[in-house]
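**Student:** Just dropping this structure here.
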Amino acid sequence: NYNITTYNIHFADAINFIQYPLSIAFPISTPPNFILLNAITPKQSTPMNESDINIDTFLSKHKINIYISQGTIMNIINMNEQIKMFKHFNTNNNIGFILSMRQELLNELNVHELPKNVYVTKWVNQNDLLGDDRVKCFITHGGINSVAEAVYHNKPMIVLGVGLDQINTAAFVKKKRIGVTVQNKREMNSNFLINAINDVISNHDVYVNRIKVLSKIMKESRSAKEEFQYWIDYGFENGYDNLIIDVIKNGNWF
């Protein structure tokens, strides 16, 4: 909490930390003073009955549970199309959906329109839910933290990446073949979702085996906290002039 202008600190004179989860990001070249941190959010999960007993009870009712994060993707998937998808799978008592969405979106939703195979909540401990073996698939907008947690917990994904960094994470999931992706909003309909879910369920073990390779890299690499602490200590003990490239320090950033 300081004024950069007052302290005359320039962008190229600092150590810059970027969350860059190992195993799930595209290789990029950076100057030495750009430190790439591993995944920040994933960690070992705790049993769902400690986080939310109602969700725990719902999960036990179904052999296959699918988690849908509606934090930011509500405007991407038309709710009527989602309801069609829920009703399609409602004939199969083995499949249940955990639908997480913001309160303002919940206020617009008539929960009575939803079949009994859907549990709606405004908040859920996502890390714990993804760590639960009863959850078999994660439908996500493709935020980097969400994808990192899914990889950490070996969960195949259906990624709806149509904007911002979500396009990159969707491209990564597609390239590594660890889930199903869509990057065109016009294709976001019930038919796509139904086909994608059937794909993940049919090929679940294949997807999981691919994800396990990436999860192993993430778990065995130094954590973001450890990496951050190392470089902070390094800066205080040794300075970081040796990390600065003169052409970057004295030149125009762009």
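For the structure tokens, the naming scheme is as follows: chains receive sequential letters (A, B, ...) according to their order of presentation, residues are indexed from 1 within each chain, and ligands are indexed from 1 in presentation order.
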Excluding region 213-217 of chain A and its own-chain neighbours fewer than 6 positions away, which residues fall within 7 Å of it when counting only C-alpha atoms? Please give them as a list in words.
**Tutor:**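 Contacts, in chain order: Leu22, Ser23, Val151, Tyr152 and Asn154 of chain A.
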**Student:** Selection from above, all heavy atoms, as a PDB file, in the first residue's frame, can you write it?
**Tutor:**
ATOM      1  N   LEU A  22       1.799 -24.402 -12.971  1.00  0.00           N
ATOM      2  CA  LEU A  22       2.625 -25.347 -13.697  1.00  0.00           C
ATOM      3  C   LEU A  22       1.773 -26.517 -14.175  1.00  0.00           C
ATOM      4  O   LEU A  22       0.898 -26.990 -13.470  1.00  0.00           O
ATOM      5  CB  LEU A  22       3.762 -25.835 -12.805  1.00  0.00           C
ATOM      6  CG  LEU A  22       4.704 -24.730 -12.310  1.00  0.00           C
ATOM      7  CD1 LEU A  22       5.748 -25.314 -11.371  1.00  0.00           C
ATOM      8  CD2 LEU A  22       5.387 -24.037 -13.481  1.00  0.00           C
ATOM      9  N   SER A  23       2.019 -26.945 -15.372  1.00  0.00           N
ATOM     10  CA  SER A  23       1.355 -28.066 -16.050  1.00  0.00           C
ATOM     11  C   SER A  23       0.090 -27.656 -16.782  1.00  0.00           C
ATOM     12  O   SER A  23      -0.405 -28.405 -17.610  1.00  0.00           O
ATOM     13  CB  SER A  23       1.017 -29.222 -15.097  1.00  0.00           C
ATOM     14  OG  SER A  23      -0.166 -28.966 -14.359  1.00  0.00           O
ATOM     15  N   VAL A 151      -7.805 -29.657 -12.384  1.00  0.00           N
ATOM     16  CA  VAL A 151      -6.638 -30.479 -12.696  1.00  0.00           C
ATOM     17  C   VAL A 151      -6.074 -31.090 -11.422  1.00  0.00           C
ATOM     18  O   VAL A 151      -5.750 -32.281 -11.379  1.00  0.00           O
ATOM     19  CB  VAL A 151      -5.564 -29.645 -13.423  1.00  0.00           C
ATOM     20  CG1 VAL A 151      -4.239 -30.401 -13.497  1.00  0.00           C
ATOM     21  CG2 VAL A 151      -6.038 -29.279 -14.823  1.00  0.00           C
ATOM     22  N   TYR A 152      -5.968 -30.298 -10.380  1.00  0.00           N
ATOM     23  CA  TYR A 152      -5.435 -30.785  -9.105  1.00  0.00           C
ATOM     24  C   TYR A 152      -6.222 -31.987  -8.608  1.00  0.00           C
ATOM     25  O   TYR A 152      -5.659 -32.963  -8.102  1.00  0.00           O
ATOM     26  CB  TYR A 152      -5.476 -29.658  -8.079  1.00  0.00           C
ATOM     27  CG  TYR A 152      -4.821 -29.971  -6.756  1.00  0.00           C
ATOM     28  CD1 TYR A 152      -3.489 -29.639  -6.514  1.00  0.00           C
ATOM     29  CD2 TYR A 152      -5.536 -30.584  -5.725  1.00  0.00           C
ATOM     30  CE1 TYR A 152      -2.877 -29.905  -5.296  1.00  0.00           C
ATOM     31  CE2 TYR A 152      -4.935 -30.871  -4.506  1.00  0.00           C
ATOM     32  CZ  TYR A 152      -3.610 -30.529  -4.301  1.00  0.00           C
ATOM     33  OH  TYR A 152      -3.016 -30.816  -3.082  1.00  0.00           O
ATOM     34  N   ASN A 154      -8.196 -33.989 -10.474  1.00  0.00           N
ATOM     35  CA  ASN A 154      -8.431 -34.991 -11.527  1.00  0.00           C
ATOM     36  C   ASN A 154      -9.882 -35.011 -12.019  1.00  0.00           C
ATOM     37  O   ASN A 154     -10.495 -36.073 -12.156  1.00  0.00           O
ATOM     38  CB  ASN A 154      -8.050 -36.395 -11.026  1.00  0.00           C
ATOM     39  CG  ASN A 154      -6.599 -36.479 -10.598  1.00  0.00           C
ATOM     40  OD1 ASN A 154      -5.713 -35.984 -11.276  1.00  0.00           O
ATOM     41  ND2 ASN A 154      -6.362 -37.101  -9.450  1.00  0.00           N
TER      42      ASN A 154
END
**Student:** Write out as an MDAnalysis selection string the residues lying within 8 Å of region 191-203 of chain A, counting only C-alpha atoms and excluding same-chain residues fewer than 4 positions away.
**Tutor:** chainID A and resid 85 88 136:137 156:158 179:180 187 207
**Student:** Quick one: pull the distance between CA of Asp52 (chain A) and CA of Val124 (chain A), Å, one decimal.
**Tutor:** 7.8 Å
**Student:** Give me the residues within 10 Å of Leu114 (chain A) as a list in words, counting only C-alpha atoms and dropping any in the same chain fewer than 6 places off.
**Tutor:**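 Non-adjacent residues within range: Gln82, Ile83, Lys84, Phe86, Lys87, Asn90 and Val120 of chain A.
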**Student:** Give me, please, the distance in Å between CA of Gly142 (chain A) and CA of Ile66 (chain A), quoted to one decimal.
**Tutor:**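 The value is 15.5 Å.
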**Student:** Nearest to Ile18 (chain A): which of A:Asp205, A:Asp241, A:Glu227, A:Asp233 is it, counting only C-alpha atoms?
**Tutor:**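 Closest to Ile18 (chain A) of all the choices is A:Glu227.
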**Student:** In Å, rounded to a single decimal, give me how far CA of Phe138 (chain A) is from CA of Asn54 (chain A).
**Tutor:**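 It comes out at 19.1 Å.
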**Student:** Could you tell me which of A:Pro47, A:Gly96, A:Pro21, A:Gly143 comes closest to Leu130 (chain A) if we count only C-alpha atoms?
**Tutor:**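 Checking each of A:Pro47, A:Gly96, A:Pro21, A:Gly143 against Leu130 (chain A), counting only C-alpha atoms, the winner is A:Pro47.
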**Student:** Excluding Thr169 (chain A) and its own-chain neighbours fewer than 2 positions away, which residues fall within 10 Å of it when counting only C-alpha atoms? Please give them as a ChimeraX atom specification.
**Tutor:** /A:24-26,141-144,146-148,159-161,164-167,171-175,181
**Student:** Next, the residues of the selection above should be written as an mmCIF file, in the first residue's frame with C-alpha atoms.
**Tutor:**
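As written to disk, selection-v8.cif reads:
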data_model
loop_
_atom_site.group_PDB
_atom_site.id
_atom_site.type_symbol
_atom_site.label_atom_id
_atom_site.label_comp_id
_atom_site.auth_asym_id
_atom_site.auth_seq_id
_atom_site.Cartn_x
_atom_site.Cartn_y
_atom_site.Cartn_z
ATOM 1 C CA ILE A 24 -1.692 -26.102 -17.245
ATOM 2 C CA ALA A 25 -0.241 -23.038 -18.967
ATOM 3 C CA PHE A 26 1.296 -22.366 -22.343
ATOM 4 C CA HIS A 141 -16.442 -20.770 -17.652
ATOM 5 C CA GLY A 142 -12.704 -21.499 -17.750
ATOM 6 C CA GLY A 143 -11.186 -19.201 -15.130
ATOM 7 C CA ILE A 144 -7.574 -20.107 -14.383
ATOM 8 C CA SER A 146 -11.161 -23.153 -11.542
ATOM 9 C CA VAL A 147 -9.183 -25.052 -14.173
ATOM 10 C CA ALA A 148 -6.240 -25.374 -11.766
ATOM 11 C CA VAL A 159 -15.099 -25.479 -20.577
ATOM 12 C CA LEU A 160 -17.191 -22.601 -21.915
ATOM 13 C CA GLY A 161 -14.366 -20.275 -22.896
ATOM 14 C CA LEU A 164 -10.777 -12.926 -21.859
ATOM 15 C CA ASP A 165 -8.275 -15.443 -20.441
ATOM 16 C CA GLN A 166 -10.958 -18.125 -20.567
ATOM 17 C CA ILE A 167 -10.261 -18.548 -24.281
ATOM 18 C CA ALA A 171 -7.629 -23.927 -25.705
ATOM 19 C CA PHE A 172 -5.346 -25.611 -23.165
ATOM 20 C CA VAL A 173 -8.046 -28.109 -22.127
ATOM 21 C CA LYS A 174 -8.730 -28.882 -25.777
ATOM 22 C CA LYS A 175 -5.025 -29.279 -26.641
ATOM 23 C CA THR A 181 -14.604 -27.173 -24.906
#
**Student:** Return as a short mmCIF file (atom, residue, chain, number, x, y, z; two decimals) with all heavy atoms, in the first residue's frame the full set of residues in region 14-245 of chain A whose backbone-based DSSP assignment is strand (DSSP E).
**Tutor:**
data_model
loop_
_atom_site.label_atom_id
_atom_site.label_comp_id
_atom_site.auth_asym_id
_atom_site.auth_seq_id
_atom_site.Cartn_x
_atom_site.Cartn_y
_atom_site.Cartn_z
N ASN A 16 8.26 -9.04 -10.37
CA ASN A 16 6.85 -9.14 -10.70
C ASN A 16 6.40 -10.59 -10.64
O ASN A 16 6.99 -11.46 -11.27
CB ASN A 16 6.62 -8.59 -12.11
CG ASN A 16 7.14 -7.17 -12.26
OD1 ASN A 16 6.51 -6.23 -11.80
ND2 ASN A 16 8.30 -7.02 -12.89
N PHE A 17 5.34 -10.85 -9.87
CA PHE A 17 4.85 -12.20 -9.68
C PHE A 17 3.58 -12.43 -10.50
O PHE A 17 2.66 -11.62 -10.48
CB PHE A 17 4.54 -12.45 -8.20
CG PHE A 17 5.75 -12.40 -7.32
CD1 PHE A 17 6.09 -11.24 -6.64
CD2 PHE A 17 6.57 -13.51 -7.17
CE1 PHE A 17 7.21 -11.18 -5.84
CE2 PHE A 17 7.70 -13.46 -6.37
CZ PHE A 17 8.02 -12.29 -5.70
N ILE A 18 3.55 -13.54 -11.21
CA ILE A 18 2.41 -13.87 -12.05
C ILE A 18 1.96 -15.29 -11.72
O ILE A 18 2.77 -16.21 -11.71
CB ILE A 18 2.77 -13.81 -13.55
CG1 ILE A 18 3.37 -12.44 -13.91
CG2 ILE A 18 1.56 -14.12 -14.42
CD1 ILE A 18 3.92 -12.39 -15.33
N GLN A 19 0.65 -15.45 -11.42
CA GLN A 19 0.16 -16.82 -11.23
C GLN A 19 0.20 -17.55 -12.56
O GLN A 19 -0.43 -17.12 -13.53
CB GLN A 19 -1.26 -16.85 -10.66
CG GLN A 19 -1.72 -18.29 -10.47
CD GLN A 19 -3.13 -18.45 -9.93
OE1 GLN A 19 -3.49 -19.49 -9.43
NE2 GLN A 19 -3.95 -17.43 -10.05
N PHE A 34 10.54 -11.49 -13.83
CA PHE A 34 9.15 -11.93 -13.85
C PHE A 34 9.13 -13.36 -13.31
O PHE A 34 9.61 -14.29 -13.96
CB PHE A 34 8.57 -11.88 -15.26
CG PHE A 34 8.08 -10.53 -15.65
CD1 PHE A 34 8.97 -9.47 -15.82
CD2 PHE A 34 6.73 -10.28 -15.84
CE1 PHE A 34 8.52 -8.22 -16.18
CE2 PHE A 34 6.26 -9.03 -16.20
CZ PHE A 34 7.16 -7.98 -16.37
N ILE A 35 8.58 -13.55 -12.14
CA ILE A 35 8.58 -14.84 -11.47
C ILE A 35 7.22 -15.51 -11.68
O ILE A 35 6.18 -14.95 -11.33
CB ILE A 35 8.87 -14.69 -9.96
CG1 ILE A 35 10.13 -13.85 -9.75
CG2 ILE A 35 8.97 -16.05 -9.31
CD1 ILE A 35 11.38 -14.41 -10.40
N LEU A 36 7.24 -16.71 -12.25
CA LEU A 36 6.00 -17.43 -12.52
C LEU A 36 5.67 -18.34 -11.34
O LEU A 36 6.42 -19.25 -11.02
CB LEU A 36 6.16 -18.26 -13.81
CG LEU A 36 6.54 -17.46 -15.06
CD1 LEU A 36 6.70 -18.40 -16.25
CD2 LEU A 36 5.51 -16.39 -15.37
N LEU A 37 4.56 -18.06 -10.68
CA LEU A 37 4.13 -18.84 -9.53
C LEU A 37 3.29 -20.03 -9.97
O LEU A 37 2.59 -19.98 -10.98
CB LEU A 37 3.31 -17.98 -8.57
CG LEU A 37 3.99 -16.74 -7.99
CD1 LEU A 37 2.99 -15.99 -7.11
CD2 LEU A 37 5.22 -17.11 -7.20
N ILE A 64 -23.48 -40.40 -10.44
CA ILE A 64 -22.68 -39.41 -11.17
C ILE A 64 -23.20 -38.02 -10.83
O ILE A 64 -24.40 -37.74 -10.98
CB ILE A 64 -22.77 -39.64 -12.69
CG1 ILE A 64 -22.18 -41.01 -13.05
CG2 ILE A 64 -22.05 -38.53 -13.45
CD1 ILE A 64 -22.41 -41.38 -14.51
N ASN A 65 -22.30 -37.16 -10.35
CA ASN A 65 -22.67 -35.78 -10.06
C ASN A 65 -21.84 -34.84 -10.92
O ASN A 65 -20.63 -35.06 -11.11
CB ASN A 65 -22.45 -35.45 -8.58
CG ASN A 65 -23.44 -36.17 -7.69
OD1 ASN A 65 -24.59 -35.75 -7.55
ND2 ASN A 65 -23.01 -37.27 -7.07
N ILE A 66 -22.50 -33.80 -11.43
CA ILE A 66 -21.84 -32.81 -12.29
C ILE A 66 -21.98 -31.44 -11.64
O ILE A 66 -23.08 -31.02 -11.28
CB ILE A 66 -22.47 -32.81 -13.69
CG1 ILE A 66 -22.26 -34.19 -14.34
CG2 ILE A 66 -21.87 -31.70 -14.55
CD1 ILE A 66 -23.04 -34.38 -15.62
N TYR A 67 -20.86 -30.79 -11.46
CA TYR A 67 -20.84 -29.47 -10.83
C TYR A 67 -20.80 -28.40 -11.91
O TYR A 67 -19.96 -28.44 -12.81
CB TYR A 67 -19.62 -29.36 -9.90
CG TYR A 67 -19.32 -27.97 -9.40
CD1 TYR A 67 -20.32 -27.14 -8.89
CD2 TYR A 67 -18.02 -27.47 -9.42
CE1 TYR A 67 -20.05 -25.88 -8.43
CE2 TYR A 67 -17.73 -26.21 -8.95
CZ TYR A 67 -18.74 -25.40 -8.46
OH TYR A 67 -18.45 -24.15 -8.01
N ILE A 68 -21.70 -27.43 -11.82
CA ILE A 68 -21.75 -26.31 -12.77
C ILE A 68 -21.53 -25.02 -12.01
O ILE A 68 -22.31 -24.65 -11.14
CB ILE A 68 -23.11 -26.24 -13.50
CG1 ILE A 68 -23.46 -27.59 -14.13
CG2 ILE A 68 -23.10 -25.14 -14.54
CD1 ILE A 68 -24.83 -27.60 -14.80
N SER A 69 -20.45 -24.33 -12.32
CA SER A 69 -20.16 -23.05 -11.68
C SER A 69 -20.83 -21.94 -12.45
O SER A 69 -20.48 -21.66 -13.59
CB SER A 69 -18.65 -22.81 -11.62
OG SER A 69 -18.38 -21.52 -11.12
N GLN A 70 -21.80 -21.30 -11.82
CA GLN A 70 -22.52 -20.22 -12.47
C GLN A 70 -22.09 -18.86 -11.94
O GLN A 70 -22.88 -17.93 -11.91
CB GLN A 70 -24.02 -20.41 -12.26
CG GLN A 70 -24.59 -21.57 -13.06
CD GLN A 70 -24.58 -21.29 -14.54
OE1 GLN A 70 -23.60 -21.58 -15.21
NE2 GLN A 70 -25.63 -20.73 -15.07
N ILE A 95 -27.79 -39.47 -12.38
CA ILE A 95 -27.08 -38.22 -12.66
C ILE A 95 -27.72 -37.05 -11.92
O ILE A 95 -28.92 -36.80 -12.03
CB ILE A 95 -27.06 -37.93 -14.17
CG1 ILE A 95 -26.34 -39.07 -14.91
CG2 ILE A 95 -26.38 -36.61 -14.47
CD1 ILE A 95 -26.30 -38.92 -16.41
N GLY A 96 -26.89 -36.33 -11.16
CA GLY A 96 -27.35 -35.14 -10.45
C GLY A 96 -26.47 -33.95 -10.78
O GLY A 96 -25.31 -34.10 -11.18
N PHE A 97 -27.02 -32.75 -10.61
CA PHE A 97 -26.30 -31.51 -10.93
C PHE A 97 -26.24 -30.59 -9.71
O PHE A 97 -27.28 -30.34 -9.07
CB PHE A 97 -26.98 -30.76 -12.08
CG PHE A 97 -26.97 -31.50 -13.38
CD1 PHE A 97 -27.99 -32.38 -13.71
CD2 PHE A 97 -25.94 -31.30 -14.30
CE1 PHE A 97 -27.99 -33.07 -14.92
CE2 PHE A 97 -25.92 -31.99 -15.51
CZ PHE A 97 -26.95 -32.86 -15.82
N ILE A 98 -25.05 -30.11 -9.40
CA ILE A 98 -24.88 -29.05 -8.39
C ILE A 98 -24.70 -27.76 -9.16
O ILE A 98 -23.72 -27.59 -9.90
CB ILE A 98 -23.64 -29.30 -7.50
CG1 ILE A 98 -23.70 -30.67 -6.84
CG2 ILE A 98 -23.52 -28.19 -6.46
CD1 ILE A 98 -24.75 -30.80 -5.76
N LEU A 99 -25.62 -26.83 -9.02
CA LEU A 99 -25.59 -25.58 -9.76
C LEU A 99 -25.29 -24.43 -8.81
O LEU A 99 -26.08 -24.12 -7.92
CB LEU A 99 -26.94 -25.35 -10.45
CG LEU A 99 -27.15 -24.06 -11.23
CD1 LEU A 99 -26.16 -23.96 -12.39
CD2 LEU A 99 -28.58 -23.97 -11.74
N SER A 100 -24.13 -23.80 -9.00
CA SER A 100 -23.72 -22.68 -8.15
C SER A 100 -23.82 -21.39 -8.95
O SER A 100 -23.30 -21.29 -10.06
CB SER A 100 -22.27 -22.88 -7.68
OG SER A 100 -21.81 -21.75 -6.97
N MET A 101 -24.51 -20.40 -8.38
CA MET A 101 -24.70 -19.15 -9.09
C MET A 101 -24.83 -17.98 -8.12
O MET A 101 -25.13 -18.16 -6.95
CB MET A 101 -25.93 -19.23 -10.01
CG MET A 101 -27.18 -19.68 -9.32
SD MET A 101 -28.42 -20.37 -10.46
CE MET A 101 -28.67 -19.03 -11.59
N VAL A 118 -31.47 -31.46 -9.63
CA VAL A 118 -30.64 -30.24 -9.59
C VAL A 118 -30.66 -29.67 -8.16
O VAL A 118 -31.72 -29.50 -7.57
CB VAL A 118 -31.16 -29.17 -10.57
CG1 VAL A 118 -30.25 -27.93 -10.53
CG2 VAL A 118 -31.24 -29.73 -11.98
N TYR A 119 -29.47 -29.40 -7.64
CA TYR A 119 -29.33 -28.72 -6.35
C TYR A 119 -28.74 -27.35 -6.61
O TYR A 119 -27.65 -27.24 -7.19
CB TYR A 119 -28.43 -29.52 -5.41
CG TYR A 119 -28.27 -28.90 -4.03
CD1 TYR A 119 -29.08 -29.31 -2.99
CD2 TYR A 119 -27.31 -27.92 -3.79
CE1 TYR A 119 -28.95 -28.74 -1.72
CE2 TYR A 119 -27.17 -27.35 -2.54
CZ TYR A 119 -27.99 -27.76 -1.50
OH TYR A 119 -27.86 -27.19 -0.26
N VAL A 120 -29.44 -26.29 -6.21
CA VAL A 120 -29.00 -24.93 -6.49
C VAL A 120 -28.47 -24.29 -5.21
O VAL A 120 -29.07 -24.40 -4.14
CB VAL A 120 -30.16 -24.08 -7.05
CG1 VAL A 120 -29.67 -22.67 -7.39
CG2 VAL A 120 -30.77 -24.73 -8.27
N THR A 121 -27.32 -23.63 -5.34
CA THR A 121 -26.73 -22.95 -4.18
C THR A 121 -26.04 -21.67 -4.65
O THR A 121 -25.57 -21.59 -5.79
CB THR A 121 -25.71 -23.86 -3.48
OG1 THR A 121 -25.11 -23.14 -2.38
CG2 THR A 121 -24.61 -24.29 -4.43
N VAL A 135 -18.19 -36.46 -7.54
CA VAL A 135 -18.29 -35.49 -8.64
C VAL A 135 -17.44 -36.00 -9.79
O VAL A 135 -16.24 -36.22 -9.64
CB VAL A 135 -17.82 -34.09 -8.20
CG1 VAL A 135 -17.80 -33.13 -9.38
CG2 VAL A 135 -18.72 -33.55 -7.09
N LYS A 136 -18.04 -36.16 -10.96
CA LYS A 136 -17.35 -36.78 -12.10
C LYS A 136 -17.02 -35.79 -13.21
O LYS A 136 -16.24 -36.10 -14.10
CB LYS A 136 -18.22 -37.90 -12.68
CG LYS A 136 -18.60 -38.98 -11.68
CD LYS A 136 -17.36 -39.68 -11.09
CE LYS A 136 -17.76 -40.79 -10.14
NZ LYS A 136 -16.57 -41.43 -9.51
N CYS A 137 -17.63 -34.60 -13.17
CA CYS A 137 -17.42 -33.64 -14.26
C CYS A 137 -17.64 -32.23 -13.74
O CYS A 137 -18.44 -32.01 -12.82
CB CYS A 137 -18.38 -33.95 -15.41
SG CYS A 137 -18.30 -32.79 -16.79
N PHE A 138 -16.93 -31.27 -14.32
CA PHE A 138 -17.01 -29.88 -13.90
C PHE A 138 -17.29 -29.03 -15.14
O PHE A 138 -16.50 -28.98 -16.08
CB PHE A 138 -15.68 -29.47 -13.26
CG PHE A 138 -15.59 -28.02 -12.82
CD1 PHE A 138 -16.72 -27.31 -12.47
CD2 PHE A 138 -14.36 -27.40 -12.72
CE1 PHE A 138 -16.63 -25.99 -12.05
CE2 PHE A 138 -14.25 -26.09 -12.30
CZ PHE A 138 -15.39 -25.38 -11.96
N ILE A 139 -18.45 -28.36 -15.15
CA ILE A 139 -18.78 -27.42 -16.23
C ILE A 139 -18.40 -26.02 -15.74
O ILE A 139 -18.94 -25.53 -14.75
CB ILE A 139 -20.27 -27.48 -16.60
CG1 ILE A 139 -20.65 -28.89 -17.05
CG2 ILE A 139 -20.59 -26.47 -17.69
CD1 ILE A 139 -22.12 -29.06 -17.41
N THR A 140 -17.45 -25.38 -16.43
CA THR A 140 -16.88 -24.14 -15.94
C THR A 140 -16.72 -23.13 -17.06
O THR A 140 -16.60 -23.49 -18.23
CB THR A 140 -15.51 -24.40 -15.28
OG1 THR A 140 -14.87 -23.14 -15.00
CG2 THR A 140 -14.60 -25.21 -16.20
N MET A 157 -13.34 -31.71 -17.56
CA MET A 157 -14.07 -30.44 -17.63
C MET A 157 -14.86 -30.29 -18.93
O MET A 157 -14.50 -30.85 -19.95
CB MET A 157 -13.08 -29.27 -17.54
CG MET A 157 -12.47 -29.05 -16.18
SD MET A 157 -10.97 -28.02 -16.31
CE MET A 157 -9.74 -29.26 -16.73
N ILE A 158 -15.91 -29.50 -18.84
CA ILE A 158 -16.57 -28.93 -20.02
C ILE A 158 -16.36 -27.44 -19.88
O ILE A 158 -16.92 -26.80 -18.97
CB ILE A 158 -18.06 -29.30 -20.06
CG1 ILE A 158 -18.22 -30.82 -20.18
CG2 ILE A 158 -18.76 -28.59 -21.22
CD1 ILE A 158 -19.66 -31.30 -20.03
N VAL A 159 -15.52 -26.87 -20.73
CA VAL A 159 -15.10 -25.48 -20.58
C VAL A 159 -15.81 -24.60 -21.59
O VAL A 159 -15.77 -24.85 -22.80
CB VAL A 159 -13.57 -25.34 -20.74
CG1 VAL A 159 -13.15 -23.88 -20.53
CG2 VAL A 159 -12.85 -26.24 -19.75
N LEU A 160 -16.45 -23.55 -21.08
CA LEU A 160 -17.19 -22.60 -21.91
C LEU A 160 -16.36 -21.33 -22.03
O LEU A 160 -16.64 -20.33 -21.38
CB LEU A 160 -18.55 -22.33 -21.28
CG LEU A 160 -19.29 -23.57 -20.77
CD1 LEU A 160 -20.53 -23.18 -19.98
CD2 LEU A 160 -19.66 -24.49 -21.93
N GLY A 179 -10.87 -32.67 -21.54
CA GLY A 179 -12.26 -32.28 -21.41
C GLY A 179 -12.81 -31.85 -22.76
O GLY A 179 -12.17 -32.01 -23.80
N VAL A 180 -14.02 -31.31 -22.72
CA VAL A 180 -14.70 -30.84 -23.92
C VAL A 180 -14.80 -29.32 -23.83
O VAL A 180 -15.05 -28.77 -22.75
CB VAL A 180 -16.12 -31.45 -24.03
CG1 VAL A 180 -16.81 -30.97 -25.30
CG2 VAL A 180 -16.04 -32.97 -23.99
N THR A 181 -14.57 -28.63 -24.94
CA THR A 181 -14.60 -27.17 -24.91
C THR A 181 -15.51 -26.62 -26.00
O THR A 181 -15.76 -27.27 -27.02
CB THR A 181 -13.19 -26.58 -25.10
OG1 THR A 181 -12.72 -26.89 -26.42
CG2 THR A 181 -12.22 -27.12 -24.08
N VAL A 182 -15.97 -25.41 -25.75
CA VAL A 182 -16.68 -24.66 -26.78
C VAL A 182 -16.19 -23.22 -26.67
O VAL A 182 -16.02 -22.69 -25.57
CB VAL A 182 -18.21 -24.74 -26.60
CG1 VAL A 182 -18.65 -24.19 -25.27
CG2 VAL A 182 -18.91 -24.02 -27.74
#
